[in-house]
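Listing of my_file-v1.cif, mmCIF, C-alpha atoms
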```
data_start
loop_
_atom_site.label_atom_id
_atom_site.label_comp_id
_atom_site.auth_asym_id
_atom_site.auth_seq_id
_atom_site.Cartn_x
_atom_site.Cartn_y
_atom_site.Cartn_z
CA MET G 777 23.87 66.86 86.20
CA GLU G 778 20.48 68.29 85.28
CA GLU G 779 17.93 65.59 84.58
CA ILE G 780 16.86 65.42 80.92
CA PRO G 781 13.07 65.24 80.41
CA LYS G 782 11.91 61.88 79.03
CA ASP G 783 10.35 63.53 75.96
CA LYS G 784 13.43 65.63 75.20
CA PHE G 785 14.64 63.14 72.58
CA PRO G 786 11.53 61.37 71.23
CA LEU G 787 12.29 58.08 69.45
CA SER G 788 12.03 58.40 65.69
CA ILE G 789 11.70 55.60 63.16
CA THR G 790 15.32 55.98 62.08
CA GLU G 791 16.41 55.58 65.71
CA SER G 792 14.10 52.65 66.47
CA PRO G 793 15.72 49.34 67.47
CA SER G 794 16.79 47.02 64.68
CA GLU G 795 14.54 44.06 63.95
CA PHE G 796 17.61 41.84 64.21
CA GLU G 797 19.28 40.79 67.46
CA ASN G 798 22.80 39.68 68.36
CA LEU G 799 24.38 40.75 65.09
CA GLU G 800 27.85 39.87 66.34
CA LYS G 801 26.78 36.21 66.60
CA MET G 802 25.63 35.97 62.97
CA ASN G 803 27.88 34.45 60.33
CA VAL G 804 28.82 36.34 57.16
CA HIS G 805 26.07 34.69 55.11
CA GLY G 806 23.48 35.63 57.71
CA LEU G 807 24.68 39.22 57.85
CA VAL G 808 24.78 39.88 54.11
CA SER G 809 21.48 38.05 53.52
CA SER G 810 19.76 40.07 56.22
CA ILE G 811 21.16 43.37 54.96
CA ASN G 812 20.00 42.46 51.46
CA GLN G 813 16.58 41.62 52.86
CA GLU G 814 16.36 45.04 54.50
CA ASP G 815 17.59 46.81 51.36
CA GLY G 816 14.64 45.30 49.51
CA LYS G 817 12.35 47.58 51.50
CA VAL G 818 13.95 50.71 50.08
CA HIS G 819 12.54 50.35 46.56
CA VAL G 820 9.01 49.98 47.94
CA ALA G 821 9.38 53.01 50.20
CA VAL G 822 10.68 55.18 47.35
CA LYS G 823 7.80 54.05 45.13
CA HIS G 824 5.30 55.30 47.71
CA ALA G 825 7.00 58.72 47.59
CA LEU G 826 6.87 59.10 43.79
CA PRO G 827 3.98 61.63 43.77
CA GLN G 828 5.97 63.99 46.03
CA ILE G 829 9.14 63.45 43.99
CA GLU G 830 7.28 64.29 40.78
CA ARG G 831 5.75 67.43 42.29
CA LEU G 832 9.13 68.72 43.43
CA ILE G 833 10.81 67.98 40.09
CA GLU G 834 8.11 69.82 38.13
CA GLN G 835 8.46 72.96 40.23
CA VAL G 836 12.27 72.84 40.26
CA LEU G 837 12.40 72.31 36.49
CA GLU G 838 10.25 75.37 35.85
CA ARG G 839 12.70 77.50 37.85
CA MET G 840 15.85 75.99 36.40
CA CYS G 841 14.66 76.63 32.85
CA ARG G 842 14.62 80.32 33.86
CA GLY G 843 18.13 80.24 35.29
CA GLY G 844 17.52 78.85 38.76
CA ARG G 845 19.83 76.59 40.73
CA ILE G 846 19.48 73.76 43.26
CA PHE G 847 21.12 73.92 46.67
CA TYR G 848 21.35 70.78 48.80
CA LEU G 849 21.66 71.12 52.58
CA GLY G 850 22.76 68.19 54.71
CA ALA G 851 24.99 66.93 57.49
CA GLY G 852 26.96 63.71 57.83
CA THR G 853 25.89 60.99 55.39
CA SER G 854 23.02 63.10 54.07
CA GLY G 855 25.33 66.03 53.37
CA ARG G 856 27.87 63.82 51.63
CA LEU G 857 25.17 62.36 49.39
CA GLY G 858 24.09 65.84 48.34
CA VAL G 859 27.66 66.86 47.53
CA LEU G 860 28.16 63.59 45.64
CA ASP G 861 25.07 64.11 43.49
CA ALA G 862 26.00 67.71 42.71
CA SER G 863 29.60 66.81 41.84
CA GLU G 864 28.57 64.08 39.39
CA LEU G 865 26.41 66.31 37.20
CA PRO G 866 29.10 68.36 35.39
CA PRO G 867 31.02 65.37 34.00
CA THR G 868 27.85 63.39 33.26
CA PHE G 869 25.74 66.09 31.65
CA GLY G 870 28.22 68.83 30.79
CA VAL G 871 26.63 71.47 33.02
CA PRO G 872 28.55 74.05 35.11
CA ASP G 873 29.31 73.14 38.71
CA THR G 874 27.31 76.20 39.80
CA LEU G 875 23.98 74.71 38.65
CA VAL G 876 23.55 72.24 41.51
CA ILE G 877 25.49 72.97 44.70
CA GLY G 878 25.86 70.67 47.68
CA LEU G 879 26.40 72.30 51.08
CA ILE G 880 27.40 70.15 54.04
CA ALA G 881 27.51 71.19 57.68
CA GLY G 882 31.17 71.70 58.57
CA GLY G 883 32.26 72.43 55.00
CA ASP G 884 34.53 70.31 52.82
CA THR G 885 36.37 68.98 55.89
CA ALA G 886 33.17 67.14 56.83
CA LEU G 887 33.29 65.14 53.61
CA ARG G 888 36.07 62.99 55.06
CA LYS G 889 35.64 63.25 58.81
CA ALA G 890 33.06 64.39 61.31
CA VAL G 891 33.14 68.05 62.35
CA GLU G 892 32.03 68.39 65.95
CA ALA G 893 28.64 70.11 66.47
CA ALA G 894 28.64 71.51 62.91
CA GLU G 895 25.07 70.39 62.29
CA ASP G 896 23.72 72.00 65.47
CA ASP G 897 23.83 75.62 64.22
CA PRO G 898 20.41 76.54 62.73
CA GLU G 899 21.69 79.81 61.23
CA LYS G 900 24.81 78.57 59.44
CA ALA G 901 23.13 77.19 56.32
CA TRP G 902 21.29 80.42 55.55
CA LEU G 903 24.51 82.40 55.90
CA GLU G 904 26.17 80.04 53.42
CA LEU G 905 23.25 80.38 51.02
CA LYS G 906 23.38 84.17 51.16
CA GLU G 907 27.11 84.05 50.40
CA ARG G 908 26.12 82.37 47.13
CA ASN G 909 23.53 85.05 46.30
CA ILE G 910 20.52 82.77 46.58
CA ASN G 911 17.37 84.15 44.94
CA LYS G 912 13.73 83.29 44.24
CA MET G 913 14.57 81.34 41.09
CA ASP G 914 16.61 78.87 43.18
CA THR G 915 15.48 75.81 45.12
CA VAL G 916 16.76 74.55 48.46
CA ILE G 917 16.44 70.82 49.18
CA GLY G 918 17.20 69.67 52.69
CA ILE G 919 18.47 66.10 53.14
CA ALA G 920 18.05 64.72 56.64
CA ALA G 921 17.27 61.09 57.45
CA SER G 922 16.16 61.97 60.98
CA GLY G 923 14.34 65.09 59.84
CA SER G 924 15.60 67.05 62.83
CA THR G 925 19.06 68.37 61.85
CA PRO G 926 19.18 72.07 62.95
CA TYR G 927 21.53 73.05 60.10
CA VAL G 928 18.99 71.74 57.58
CA VAL G 929 15.81 72.82 59.37
CA GLY G 930 17.12 76.34 59.92
CA GLY G 931 18.28 76.73 56.34
CA LEU G 932 14.96 75.54 54.91
CA GLN G 933 12.95 77.73 57.23
CA ARG G 934 14.86 80.90 56.34
CA ALA G 935 14.78 80.06 52.63
CA ARG G 936 11.02 79.58 52.69
CA GLU G 937 10.55 82.81 54.65
CA ASN G 938 12.35 84.54 51.78
CA GLY G 939 10.07 83.15 49.09
CA ILE G 940 12.41 80.40 47.87
CA LEU G 941 11.07 76.98 46.87
CA THR G 942 12.01 74.36 49.46
CA GLY G 943 11.90 70.60 49.44
CA CYS G 944 13.33 67.86 51.63
CA ILE G 945 14.22 64.18 51.63
CA THR G 946 13.68 62.52 54.99
CA CYS G 947 12.94 59.06 56.36
CA ASN G 948 10.80 60.14 59.32
CA PRO G 949 7.18 61.11 58.57
CA GLY G 950 5.94 64.30 60.19
CA SER G 951 9.46 65.38 61.14
CA ARG G 952 10.51 68.98 61.69
CA VAL G 953 12.25 69.19 58.32
CA ALA G 954 9.08 67.94 56.59
CA GLN G 955 7.04 70.57 58.39
CA VAL G 956 9.20 73.49 57.25
CA ALA G 957 9.70 72.33 53.64
CA GLU G 958 7.11 73.33 51.06
CA ILE G 959 7.36 69.97 49.29
CA PRO G 960 8.49 67.21 51.66
CA ILE G 961 9.57 63.82 50.32
CA GLU G 962 9.17 61.23 53.05
CA VAL G 963 10.72 57.84 52.31
CA VAL G 964 9.91 55.63 55.29
CA VAL G 965 12.30 52.68 55.17
CA GLY G 966 11.89 51.60 58.82
CA PRO G 967 14.51 50.81 61.47
CA GLU G 968 18.08 50.27 60.29
CA PHE G 969 19.85 46.90 60.36
CA VAL G 970 22.33 48.42 62.80
CA THR G 971 20.17 50.57 65.05
CA GLY G 972 20.38 54.24 64.05
CA SER G 973 22.93 53.72 61.26
CA THR G 974 21.24 55.82 58.58
CA ARG G 975 24.13 55.28 56.16
CA LEU G 976 22.29 52.04 55.37
CA LYS G 977 18.65 52.02 54.16
CA ALA G 978 18.05 55.71 54.70
CA GLY G 979 21.20 56.64 52.80
CA THR G 980 20.29 54.29 49.96
CA ALA G 981 16.80 55.79 49.76
CA GLN G 982 18.16 59.33 49.71
CA LYS G 983 20.61 58.47 46.92
CA MET G 984 17.82 56.92 44.86
CA VAL G 985 15.66 60.03 45.21
CA LEU G 986 18.54 62.36 44.37
CA ASN G 987 19.26 60.26 41.26
CA MET G 988 15.62 60.62 40.18
CA ILE G 989 15.50 64.37 40.74
CA THR G 990 18.63 65.42 38.90
CA THR G 991 18.55 62.78 36.15
CA THR G 992 14.97 63.70 35.26
CA ILE G 993 15.77 67.41 35.29
CA MET G 994 18.86 66.96 33.12
CA ILE G 995 16.88 64.91 30.59
CA LYS G 996 14.07 67.48 30.46
CA MET G 997 16.64 70.27 30.02
CA GLY G 998 17.98 68.58 26.90
CA ARG G 999 21.20 67.14 28.28
CA VAL G 1000 20.40 63.61 26.99
CA LYS G 1001 19.60 62.46 23.45
CA GLY G 1002 17.72 59.19 23.10
CA ASN G 1003 19.25 57.41 26.07
CA LYS G 1004 22.79 58.75 25.71
CA MET G 1005 24.88 61.28 27.66
CA VAL G 1006 25.70 63.42 24.65
CA ASN G 1007 26.93 66.32 26.78
CA MET G 1008 29.33 64.35 28.99
CA GLN G 1009 32.78 65.82 29.56
CA LEU G 1010 35.59 63.94 27.85
CA THR G 1011 37.73 63.61 30.95
CA ASN G 1012 39.20 60.13 30.41
CA LYS G 1013 39.78 57.41 27.81
CA LYS G 1014 36.62 55.52 28.78
CA LEU G 1015 34.41 58.53 28.09
CA ILE G 1016 36.21 59.32 24.83
CA ALA G 1017 35.62 55.72 23.74
CA ARG G 1018 31.94 55.97 24.72
CA GLY G 1019 31.54 59.19 22.78
CA THR G 1020 33.30 57.68 19.78
CA ARG G 1021 30.87 54.75 19.75
CA MET G 1022 27.93 57.16 19.92
CA LEU G 1023 29.12 59.01 16.83
CA MET G 1024 29.83 55.77 14.99
CA GLU G 1025 26.23 54.68 15.64
CA GLU G 1026 24.61 58.04 14.88
CA LEU G 1027 26.67 59.12 11.88
CA GLY G 1028 27.93 55.84 10.42
CA LEU G 1029 31.57 56.92 10.77
CA ASN G 1030 34.50 54.56 11.23
CA GLU G 1031 36.26 54.59 14.59
CA ASN G 1032 39.12 56.93 13.63
CA ASP G 1033 36.87 59.50 11.97
CA ALA G 1034 34.40 59.36 14.84
CA MET G 1035 37.11 59.94 17.44
CA ASP G 1036 38.68 62.78 15.43
CA THR G 1037 35.27 64.42 15.09
CA LEU G 1038 34.51 64.01 18.78
CA LEU G 1039 37.79 65.55 19.89
CA ARG G 1040 37.48 68.38 17.39
CA PHE G 1041 34.06 69.49 18.64
CA GLY G 1042 34.51 68.53 22.30
CA SER G 1043 31.22 66.72 22.85
CA VAL G 1044 28.88 64.29 21.12
CA LYS G 1045 26.10 66.87 20.99
CA LYS G 1046 28.24 69.55 19.33
CA ALA G 1047 29.54 67.03 16.82
CA LEU G 1048 26.01 65.91 15.91
CA GLU G 1049 24.82 69.49 15.57
CA ALA G 1050 27.74 70.31 13.28
CA TYR G 1051 26.98 67.36 11.00
CA LYS G 1052 23.30 68.35 10.80
CA LYS G 1053 24.30 71.75 9.46
CA LYS G 1054 26.29 70.28 6.59
#
```
Go ahead and express the file in the form of structure tokens.
Amino acid sequence: MEEIPKDKFPLSITESPSEFENLEKMNVHGLVSSINQEDGKVHVAVKHALPQIERLIEQVLERMCRGGRIFYLGAGTSGRLGVLDASELPPTFGVPDTLVIGLIAGGDTALRKAVEAAEDDPEKAWLELKERNINKMDTVIGIAASGSTPYVVGGLQRARENGILTGCITCNPGSRVAQVAEIPIEVVVGPEFVTGSTRLKAGTAQKMVLNMITTTIMIKMGRVKGNKMVNMQLTNKKLIARGTRMLMEELGLNENDAMDTLLRFGSVKKALEAYKKK
């Protein structure tokens, strides 16, 4: 077998050895306490990245107000988190599922099980973006804890070459994905509790940043009133009950009238707008 050069796979922060030894010898209390201790570092790391998060949101918001979309690119845990964030927006904020789109290396199959070598193709993501008619009003955000995933790096590079705004969320400073993205968000959470298991702190950090990006954008685009999800889809009894309470508070209606009004108009926002016109 050909000898692999020692610098072929340089050690990144996310691959650095855990600060904890002999995990299998720890009792349950020791394990959960230590994981909780490590998780406490995530909030601090995200706070340090707030200026970059704000910069990306401001530029994305400007484009989305003119009809732009967000595309997430990721593989493994990072890809699943992007798909998760995108899939939660329609029911929460009542937006179409074409506004924020999560692409994962290996396609939908990779949401449930690993797809061999799917993330190693640097051209695949751009092909998938072109299939969706990506344009200069759109934004591509690469999600890669390691910052080296070819699927993500390649997609960001081609998008940027074509004049499309690019951002990334990574946990390794100075990584390849941060170099190719126009606005890199680097959330340095340190070595994982289980060495290299980026579904832990890195995944938590990425989820927190995704929450910030899309929640802020949805609020600024008028999908929230006060602190309430007035555009949520009424897909189950819990959400109908929540919407009913909102109308009771806002309009002073009794429960039956509020529910009837909500179901007649289909959303809290439409019901409120209708009452204002009376």
Please provide the set of residues having any atom within 12 Å of G:Gly883, restricted to all atoms listed in the file, with same-chain residues fewer than 2 positions apart removed, written as number ranges by chain.
-> G: 849-852, 855-856, 859, 878-881, 885-892, 894-895, 900-901, 904, 927
Residue IDs satisfying the PyMOL selection byres ((chain G and resi 967-972) around 12), as a PyMOL selection string = chain G and resi 787-800+807-815+817-818+921-922+947-948+964-966+973-981
Neighbour residues at most 10 Å from (26.7, 68.4, 22.4) (only C-alpha atoms) as a list in words =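 I get Phe869, Gly870, Gly998, Arg999, Val1000, Lys1001, Met1005, Val1006, Asn1007, Met1008, Gln1009, Leu1038, Phe1041, Gly1042, Ser1043, Val1044, Lys1045, Lys1046, Ala1047, Leu1048, Glu1049 and Ala1050 of chain G for the residues within 10 Å of that point.
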Residues returned when the PyMOL selection byres ((chain G and resi 829) around 9) runs on this file, as a ChimeraX atom specification = /G:825-828,830-834,959-961,985,988-989
Selection near G:Ser863, 9 Å with all atoms listed in the file, sequence-local residues under 4 positions removed, as a ChimeraX atom specification = /G:858-859,867,873,876-878
What is the atom CA of G:Gln955 to atom CA of G:Leu941 distance in Å?
->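 That distance, rounded to one decimal, is 13.8 Å.
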